[in-house]
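Structure file start.cif (mmCIF, C-alpha atoms) is printed below.
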data_data
#
loop_
_atom_site.group_PDB
_atom_site.id
_atom_site.type_symbol
_atom_site.label_atom_id
_atom_site.label_comp_id
_atom_site.auth_asym_id
_atom_site.auth_seq_id
_atom_site.Cartn_x
_atom_site.Cartn_y
_atom_site.Cartn_z
ATOM 1 C CA MET A 1 112.959 55.459 115.324
ATOM 2 C CA ASP A 2 111.872 58.256 113.065
ATOM 3 C CA LYS A 3 111.848 58.540 109.335
ATOM 4 C CA ASN A 4 109.787 60.847 107.178
ATOM 5 C CA ASN A 5 110.518 59.618 103.632
ATOM 6 C CA LEU A 6 108.511 56.414 103.872
ATOM 7 C CA THR A 7 107.373 54.426 100.875
ATOM 8 C CA PRO A 8 103.695 53.309 100.887
ATOM 9 C CA GLU A 9 104.893 49.727 101.493
ATOM 10 C CA GLU A 10 106.889 50.847 104.544
ATOM 11 C CA SER A 11 103.866 52.755 105.838
ATOM 12 C CA PHE A 12 101.694 49.653 105.529
ATOM 13 C CA ARG A 13 104.340 47.592 107.319
ATOM 14 C CA ILE A 14 104.353 50.072 110.235
ATOM 15 C CA ILE A 15 100.549 49.996 110.486
ATOM 16 C CA ASP A 16 100.502 46.193 110.227
ATOM 17 C CA LYS A 17 103.215 45.796 112.897
ATOM 18 C CA ALA A 18 101.472 48.194 115.305
ATOM 19 C CA ILE A 19 98.159 46.350 114.886
ATOM 20 C CA SER A 20 99.531 42.790 115.023
ATOM 21 C CA ASN A 21 101.738 43.548 118.046
ATOM 22 C CA PHE A 22 98.668 44.819 119.848
ATOM 23 C CA LYS A 23 98.169 42.035 122.343
ATOM 24 C CA MET A 24 94.927 41.725 124.205
ATOM 25 C CA ASN A 25 95.494 40.385 127.651
ATOM 26 C CA TYR A 26 92.537 38.123 128.322
ATOM 27 C CA LYS A 27 94.342 36.279 131.112
ATOM 28 C CA GLU A 28 92.834 38.993 133.341
ATOM 29 C CA SER A 29 89.349 37.845 132.333
ATOM 30 C CA ALA A 30 90.322 34.305 133.376
ATOM 31 C CA LYS A 31 90.853 35.511 136.959
ATOM 32 C CA ILE A 32 87.340 36.981 137.031
ATOM 33 C CA PHE A 33 85.745 33.832 135.569
ATOM 34 C CA LEU A 34 87.599 31.699 138.121
ATOM 35 C CA LEU A 35 86.623 33.999 141.012
ATOM 36 C CA TRP A 36 82.923 33.820 140.126
ATOM 37 C CA GLY A 37 83.228 30.174 139.116
ATOM 38 C CA TRP A 38 84.466 29.109 142.546
ATOM 39 C CA ILE A 39 82.147 31.457 144.474
ATOM 40 C CA LEU A 40 79.030 30.293 142.622
ATOM 41 C CA THR A 41 80.050 26.608 142.694
ATOM 42 C CA LEU A 42 80.451 26.808 146.472
ATOM 43 C CA ALA A 43 77.191 28.767 146.770
ATOM 44 C CA SER A 44 75.163 26.281 144.738
ATOM 45 C CA PHE A 45 76.710 23.249 146.436
ATOM 46 C CA SER A 46 76.120 24.755 149.924
ATOM 47 C CA ASN A 47 72.583 25.509 148.824
ATOM 48 C CA PHE A 48 72.091 21.893 147.751
ATOM 49 C CA ILE A 49 73.385 20.573 151.116
ATOM 50 C CA ILE A 50 71.204 22.984 153.128
ATOM 51 C CA LEU A 51 68.111 22.125 151.058
ATOM 52 C CA LYS A 52 68.794 18.413 151.558
ATOM 53 C CA ILE A 53 69.058 18.895 155.342
ATOM 54 C CA LEU A 54 65.898 21.042 155.483
ATOM 55 C CA HIS A 55 64.091 18.554 153.251
ATOM 56 C CA SER A 56 64.959 15.662 155.570
ATOM 57 C CA LYS A 57 63.711 17.691 158.546
ATOM 58 C CA GLU A 58 60.574 18.575 156.602
ATOM 59 C CA ALA A 59 61.239 22.286 157.215
ATOM 60 C CA TYR A 60 59.908 23.271 153.771
ATOM 61 C CA HIS A 61 58.865 26.780 154.822
ATOM 62 C CA LEU A 62 62.512 27.673 155.578
ATOM 63 C CA MET A 63 63.942 26.505 152.252
ATOM 64 C CA GLY A 64 63.373 29.734 150.287
ATOM 65 C CA TRP A 65 64.831 31.986 152.973
ATOM 66 C CA TYR A 66 67.901 29.802 153.485
ATOM 67 C CA SER A 67 68.537 29.698 149.723
ATOM 68 C CA LEU A 68 68.195 33.454 149.465
ATOM 69 C CA GLY A 69 70.549 33.949 152.432
ATOM 70 C CA ILE A 70 73.230 31.646 150.995
ATOM 71 C CA TRP A 71 73.164 33.316 147.570
ATOM 72 C CA ALA A 72 73.189 36.796 149.112
ATOM 73 C CA ILE A 73 76.246 35.999 151.290
ATOM 74 C CA PHE A 74 78.229 34.400 148.463
ATOM 75 C CA CYS A 75 77.339 37.181 146.009
ATOM 76 C CA LEU A 76 78.492 39.756 148.560
ATOM 77 C CA ILE A 77 81.817 37.893 148.882
ATOM 78 C CA GLY A 78 82.039 37.733 145.056
ATOM 79 C CA PHE A 79 81.435 41.449 144.544
ATOM 80 C CA THR A 80 83.946 42.345 147.290
ATOM 81 C CA GLY A 81 86.544 40.094 145.621
ATOM 82 C CA LEU A 82 85.686 41.577 142.219
ATOM 83 C CA PHE A 83 86.146 45.133 143.535
ATOM 84 C CA PHE A 84 89.704 44.433 144.758
ATOM 85 C CA MET A 85 90.578 42.327 141.699
ATOM 86 C CA ASP A 86 89.367 45.056 139.325
ATOM 87 C CA ARG A 87 91.450 47.650 141.190
ATOM 88 C CA LYS A 88 94.573 45.498 140.871
ATOM 89 C CA ILE A 89 93.959 44.803 137.160
ATOM 90 C CA ASN A 90 93.435 48.511 136.378
ATOM 91 C CA LYS A 91 96.570 49.465 138.305
ATOM 92 C CA ASP A 92 98.878 47.641 135.873
ATOM 93 C CA LYS A 93 96.830 48.166 132.737
ATOM 94 C CA LYS A 94 98.538 49.944 129.843
ATOM 95 C CA VAL A 95 96.023 49.469 127.035
ATOM 96 C CA TYR A 96 92.261 49.907 127.249
ATOM 97 C CA SER A 97 90.849 48.270 124.143
ATOM 98 C CA TYR A 98 87.356 48.902 122.774
ATOM 99 C CA LEU A 99 86.658 45.208 123.293
ATOM 100 C CA ASP A 100 87.462 45.514 127.023
ATOM 101 C CA GLY A 101 84.832 48.247 127.207
ATOM 102 C CA TYR A 102 82.193 46.173 125.359
ATOM 103 C CA ILE A 103 82.776 43.146 127.591
ATOM 104 C CA LYS A 104 82.669 45.255 130.757
ATOM 105 C CA ASN A 105 79.377 46.850 129.658
ATOM 106 C CA LEU A 106 77.950 43.435 128.735
ATOM 107 C CA TRP A 107 78.667 42.046 132.213
ATOM 108 C CA THR A 108 77.416 45.194 133.970
ATOM 109 C CA VAL A 109 74.101 44.912 132.110
ATOM 110 C CA SER A 110 74.019 41.167 132.866
ATOM 111 C CA ALA A 111 74.625 41.798 136.593
ATOM 112 C CA VAL A 112 71.675 44.228 136.614
ATOM 113 C CA SER A 113 69.579 41.627 134.758
ATOM 114 C CA PHE A 114 70.536 38.934 137.330
ATOM 115 C CA PHE A 115 69.387 41.232 140.137
ATOM 116 C CA ILE A 116 66.078 42.186 138.461
ATOM 117 C CA ALA A 117 65.413 38.556 137.478
ATOM 118 C CA ALA A 118 65.986 37.471 141.105
ATOM 119 C CA LEU A 119 63.450 40.072 142.316
ATOM 120 C CA ILE A 120 60.903 38.985 139.685
ATOM 121 C CA CYS A 121 61.343 35.314 140.649
ATOM 122 C CA ILE A 122 60.867 36.089 144.360
ATOM 123 C CA LYS A 123 57.736 38.124 143.575
ATOM 124 C CA LEU A 124 56.269 35.436 141.290
ATOM 125 C CA GLU A 125 57.435 32.641 143.626
ATOM 126 C CA ILE A 126 59.216 30.752 140.872
ATOM 127 C CA ALA A 127 62.650 29.118 140.931
ATOM 128 C CA PRO A 128 65.310 31.516 139.562
ATOM 129 C CA PRO A 129 67.810 28.996 138.001
ATOM 130 C CA PRO A 130 66.271 28.692 134.479
ATOM 131 C CA ILE A 131 66.312 32.472 133.965
ATOM 132 C CA MET A 132 69.649 33.011 135.753
ATOM 133 C CA LEU A 133 71.387 30.348 133.671
ATOM 134 C CA LEU A 134 69.902 31.827 130.509
ATOM 135 C CA ILE A 135 71.326 35.285 131.339
ATOM 136 C CA ALA A 136 74.695 33.700 132.236
ATOM 137 C CA GLY A 137 74.605 31.843 128.919
ATOM 138 C CA ILE A 138 73.951 35.006 126.909
ATOM 139 C CA ALA A 139 76.772 36.947 128.607
ATOM 140 C CA THR A 140 79.304 34.096 128.536
ATOM 141 C CA THR A 141 78.636 33.049 124.935
ATOM 142 C CA THR A 142 78.787 36.669 123.741
ATOM 143 C CA SER A 143 82.068 37.219 125.640
ATOM 144 C CA GLY A 144 83.482 34.071 124.032
ATOM 145 C CA LEU A 145 82.406 35.235 120.569
ATOM 146 C CA LEU A 146 83.884 38.704 121.135
ATOM 147 C CA ILE A 147 87.311 37.391 122.149
ATOM 148 C CA LYS A 148 87.035 34.442 119.699
ATOM 149 C CA PHE A 149 87.724 31.851 122.398
ATOM 150 C CA LYS A 150 86.037 28.506 121.713
ATOM 151 C CA PRO A 151 86.026 27.006 125.258
ATOM 152 C CA LEU A 152 84.159 30.097 126.485
ATOM 153 C CA ILE A 153 81.638 29.898 123.627
ATOM 154 C CA ILE A 154 81.022 26.187 124.368
ATOM 155 C CA GLY A 155 80.874 26.870 128.129
ATOM 156 C CA GLY A 156 78.398 29.689 127.510
ATOM 157 C CA MET A 157 76.226 27.464 125.338
ATOM 158 C CA SER A 158 76.253 24.751 127.994
ATOM 159 C CA PHE A 159 74.345 27.225 130.201
ATOM 160 C CA PHE A 160 71.453 27.063 127.713
ATOM 161 C CA ILE A 161 71.327 23.264 127.981
ATOM 162 C CA PHE A 162 71.500 23.405 131.792
ATOM 163 C CA SER A 163 68.803 26.087 131.780
ATOM 164 C CA ILE A 164 66.465 23.694 129.958
ATOM 165 C CA ALA A 165 67.589 20.822 132.234
ATOM 166 C CA THR A 166 66.471 22.744 135.357
ATOM 167 C CA THR A 167 62.858 22.466 134.199
ATOM 168 C CA PHE A 168 63.024 18.651 134.516
ATOM 169 C CA VAL A 169 64.189 18.331 138.133
ATOM 170 C CA THR A 170 62.707 18.905 141.580
ATOM 171 C CA ASN A 171 63.574 22.046 143.574
ATOM 172 C CA GLU A 172 66.355 20.619 145.742
ATOM 173 C CA TYR A 173 68.243 19.227 142.718
ATOM 174 C CA LEU A 174 68.094 22.609 140.957
ATOM 175 C CA ALA A 175 71.087 23.687 143.040
ATOM 176 C CA LEU A 176 73.063 20.687 141.832
ATOM 177 C CA ILE A 177 72.291 21.512 138.188
ATOM 178 C CA VAL A 178 73.365 25.110 138.811
ATOM 179 C CA CYS A 179 76.594 23.778 140.350
ATOM 180 C CA ALA A 180 77.289 21.651 137.243
ATOM 181 C CA ALA A 181 76.404 24.593 134.961
ATOM 182 C CA ILE A 182 78.851 26.907 136.768
ATOM 183 C CA ILE A 183 81.629 24.297 136.532
ATOM 184 C CA CYS A 184 81.045 23.820 132.786
ATOM 185 C CA GLY A 185 80.283 27.454 131.965
ATOM 186 C CA TYR A 186 82.719 29.402 134.152
ATOM 187 C CA LEU A 187 85.337 27.186 135.788
ATOM 188 C CA ILE A 188 86.456 24.947 132.903
ATOM 189 C CA PRO A 189 86.601 27.805 130.319
ATOM 190 C CA GLY A 190 88.251 29.965 133.013
ATOM 191 C CA TYR A 191 91.091 27.451 133.399
ATOM 192 C CA PHE A 192 91.385 27.079 129.602
ATOM 193 C CA LEU A 193 91.690 30.866 129.380
ATOM 194 C CA LYS A 194 94.232 30.966 132.200
ATOM 195 C CA TYR A 195 96.521 28.470 130.486
ATOM 196 C CA ALA A 196 95.852 29.598 126.907
ATOM 197 C CA LYS A 197 98.812 30.810 124.853
ATOM 198 C CA GLU A 198 99.002 34.578 124.226
ATOM 199 C CA MET B 199 107.249 62.471 96.226
ATOM 200 C CA TYR B 200 104.071 61.372 97.967
ATOM 201 C CA LYS B 201 102.301 64.699 97.808
ATOM 202 C CA ASN B 202 98.790 63.660 98.813
ATOM 203 C CA LEU B 203 99.806 61.827 101.945
ATOM 204 C CA ASP B 204 99.136 63.631 105.215
ATOM 205 C CA PRO B 205 102.627 64.843 106.267
ATOM 206 C CA LEU B 206 101.669 64.544 109.927
ATOM 207 C CA LEU B 207 101.020 60.844 109.602
ATOM 208 C CA HIS B 208 103.693 60.173 106.997
ATOM 209 C CA SER B 209 106.376 59.737 109.631
ATOM 210 C CA GLN B 210 107.524 56.422 111.063
ATOM 211 C CA LEU B 211 106.971 57.209 114.734
ATOM 212 C CA ARG B 212 103.781 59.245 114.409
ATOM 213 C CA LEU B 213 102.264 56.609 112.137
ATOM 214 C CA ALA B 214 103.137 53.861 114.639
ATOM 215 C CA ILE B 215 101.577 55.880 117.493
ATOM 216 C CA ILE B 216 98.356 56.615 115.612
ATOM 217 C CA SER B 217 98.083 52.955 114.447
ATOM 218 C CA MET B 218 98.208 51.793 118.076
ATOM 219 C CA LEU B 219 95.604 54.356 119.127
ATOM 220 C CA VAL B 220 93.186 53.417 116.327
ATOM 221 C CA ASN B 221 92.880 50.000 117.971
ATOM 222 C CA SER B 222 92.026 51.134 121.462
ATOM 223 C CA GLU B 223 90.140 53.486 123.711
ATOM 224 C CA LYS B 224 93.219 54.558 125.674
ATOM 225 C CA VAL B 225 96.905 53.639 125.606
ATOM 226 C CA ASP B 226 99.555 54.335 128.217
ATOM 227 C CA PHE B 227 102.640 56.329 127.159
ATOM 228 C CA THR B 228 104.896 53.540 128.529
ATOM 229 C CA TYR B 229 103.228 50.989 126.206
ATOM 230 C CA ILE B 230 104.068 53.183 123.195
ATOM 231 C CA LYS B 231 107.648 53.529 124.454
ATOM 232 C CA GLU B 232 107.990 49.742 124.847
ATOM 233 C CA GLU B 233 106.489 48.969 121.446
ATOM 234 C CA THR B 234 108.286 51.607 119.374
ATOM 235 C CA LYS B 235 111.575 51.396 121.325
ATOM 236 C CA ALA B 236 111.955 55.139 120.695
ATOM 237 C CA ALA B 237 113.316 57.655 123.197
ATOM 238 C CA ALA B 238 110.749 59.187 125.559
ATOM 239 C CA GLY B 239 111.730 62.708 124.478
ATOM 240 C CA ASN B 240 111.224 61.914 120.812
ATOM 241 C CA ILE B 241 107.827 60.307 121.504
ATOM 242 C CA SER B 242 106.773 63.375 123.497
ATOM 243 C CA ILE B 243 107.647 65.678 120.576
ATOM 244 C CA GLN B 244 105.637 63.549 118.110
ATOM 245 C CA ILE B 245 102.712 63.326 120.530
ATOM 246 C CA LYS B 246 102.695 67.112 120.838
ATOM 247 C CA LYS B 247 102.513 67.481 117.048
ATOM 248 C CA LEU B 248 99.617 65.013 116.829
ATOM 249 C CA GLN B 249 97.871 66.720 119.724
ATOM 250 C CA GLU B 250 98.268 70.184 118.167
ATOM 251 C CA ALA B 251 96.726 68.849 114.949
ATOM 252 C CA GLY B 252 93.758 67.613 116.998
ATOM 253 C CA TYR B 253 94.428 63.973 116.071
ATOM 254 C CA ILE B 254 94.916 62.742 119.618
ATOM 255 C CA GLU B 255 94.024 63.676 123.183
ATOM 256 C CA VAL B 256 96.438 63.468 126.083
ATOM 257 C CA GLU B 257 95.281 62.818 129.627
ATOM 258 C CA LYS B 258 97.821 63.313 132.400
ATOM 259 C CA THR B 259 97.051 61.868 135.820
ATOM 260 C CA PHE B 260 98.866 60.584 138.876
ATOM 261 C CA LYS B 261 98.691 56.984 140.011
ATOM 262 C CA ASN B 262 100.393 56.071 143.298
ATOM 263 C CA ASN B 263 102.354 59.353 143.132
ATOM 264 C CA TYR B 264 103.710 58.500 139.675
ATOM 265 C CA PRO B 265 102.681 60.494 136.579
ATOM 266 C CA LYS B 266 100.598 58.515 134.118
ATOM 267 C CA THR B 267 99.997 59.711 130.551
ATOM 268 C CA MET B 268 97.149 58.156 128.624
ATOM 269 C CA LEU B 269 96.598 58.831 124.947
ATOM 270 C CA SER B 270 93.465 58.431 122.859
ATOM 271 C CA ILE B 271 92.587 59.137 119.246
ATOM 272 C CA THR B 272 89.993 61.790 118.339
ATOM 273 C CA ASP B 273 87.350 61.553 115.600
ATOM 274 C CA LYS B 274 89.504 63.893 113.525
ATOM 275 C CA GLY B 275 92.436 61.511 114.058
ATOM 276 C CA VAL B 276 90.396 58.495 112.949
ATOM 277 C CA LYS B 277 89.269 60.324 109.783
ATOM 278 C CA ALA B 278 92.846 61.426 109.043
ATOM 279 C CA PHE B 279 94.103 57.859 109.522
ATOM 280 C CA GLU B 280 91.377 56.456 107.261
ATOM 281 C CA SER B 281 92.102 58.918 104.465
ATOM 282 C CA TYR B 282 95.857 58.318 104.886
ATOM 283 C CA VAL B 283 95.311 54.563 104.396
ATOM 284 C CA ASN B 284 93.045 55.224 101.371
ATOM 285 C CA ASP B 285 95.694 57.491 99.839
ATOM 286 C CA LEU B 286 98.340 54.816 100.445
ATOM 287 C CA LYS B 287 96.181 52.291 98.598
ATOM 288 C CA LYS B 288 96.069 54.626 95.591
ATOM 289 C CA TYR B 289 99.866 54.626 95.440
ATOM 290 C CA ILE B 290 100.036 50.852 95.615
ATOM 291 C CA ASN B 291 97.133 50.173 93.240
ATOM 292 C CA PRO B 292 96.840 53.240 90.991
ATOM 293 C CA LYS B 293 93.726 52.985 88.775
#
Could you spell out this file's structure in structure tokens?
Amino acid sequence: MDKNNLTPEESFRIIDKAISNFKMNYKESAKIFLLWGWILTLASFSNFIILKILHSKEAYHLMGWYSLGIWAIFCLIGFTGLFFMDRKINKDKKVYSYLDGYIKNLWTVSAVSFFIAALICIKLEIAPPPIMLLIAGIATTTSGLLIKFKPLIIGGMSFFIFSIATTFVTNEYLALIVCAAIICGYLIPGYFLKYAKE
Amino acid sequence: MYKNLDPLLHSQLRLAIISMLVNSEKVDFTYIKEETKAAAGNISIQIKKLQEAGYIEVEKTFKNNYPKTMLSITDKGVKAFESYVNDLKKYINPK
């Protein structure tokens, strides 16, 4: 393949072919959504069970600490899994698109926001779910818009609805709403992404 | 014939390489080889020409004891590509 006497039409065909053959591999993103989807679903469901048990034993003073402990353990497992998954993805990666970079930066900023929001909620003694789901909604919807993937956009927007819904329920049922939000926002779009055609 | 077109980009293989790089931050040499189906030696020669012109940057590293060559386009390369495309348009739609 090499020719120097190209016509303008041939040149455009080469440019068009190179650009249209440029496949973005978003199946990798599906793995990350599914990892966090399962981790956070298990975390929120465990949290709900623990809160139910503590509620029945009237051990209200322990509820906050148990919740914090559960989320901290599951997040630690999630970040450890993410570290190894990211290493494996980068090992076989041949193309680093600009979009990959934007999405990575978006989620890094969101992770920092999750952490700061958690600290603010602890300090102010308010329930974190409304703010957390809002941040998750912003990051997921934006990711969906960037890769033009409808299930992710819808999943991301469902976080906004669940965020509002958390303001209508009592503390112990917050965890159940979070669980439903994670299933709709991360897990279902994650599976759609996993089985989507290239 | 096409006097105004950048001779560095007006080549089938070099144009294909630069078109792939315009789309991305970094591209592996093996991806270019797979997509263009050209010989590795030929690609290396064209890459050297683009690199000498300051259109692309080449980053050579080792991953699991295997050499890995990553290519990226420079600002000069992006400008050259843009003006090449604009010049092409003039040939197709002369006004």
Chain B residues near chain A (6 Å cut-off, all atoms listed in the file) as a list in words: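 Result: Ser209, Gln210, Leu211, Ala214, Ser217, Met218, Ser222, Glu223, Lys224, Val225, Asp226, Ala236 and Leu286 of chain B.
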Spell out the residues picked by the PyMOL selection byres ((chain B and resi 282-284) around 9) here, as a list in words. Ser11 and Phe12 of chain A; Asn202, Leu203, Asp204, Leu207, His208, Lys277, Ala278, Phe279, Glu280, Ser281, Asp285, Leu286, Lys287 and Lys288 of chain B
Quick one: everything within 12 Å of A:Ala165, counting all atoms listed in the file, minus sequence neighbours fewer than 6 positions away in the same chain. Send it as JSON, numbers by chain. {"A": [129, 130, 131, 133, 134, 158, 159, 173, 174, 175, 176, 177, 178, 180, 181]}
Quote the spacing between atom CA of A:Trp38 and atom CA of A:Gly78 in Å to one decimal place.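 About the pair atom CA of A:Trp38 and atom CA of A:Gly78: they are 9.3 Å apart.
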Given only C-alpha atoms as the counted atoms, nearest of B:Tyr289, B:Ala237, B:Val276, B:Asn263 to B:Ile216: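 Result for the nearest residue to B:Ile216: B:Val276.
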Using atom CA of A:Ile126 and atom CA of A:Ser113 as the two end points, give the distance in Å to one decimal. 16.2 Å
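Atom CA of B:Glu250 is positioned 16.1 Å from atom CA of B:Leu219.
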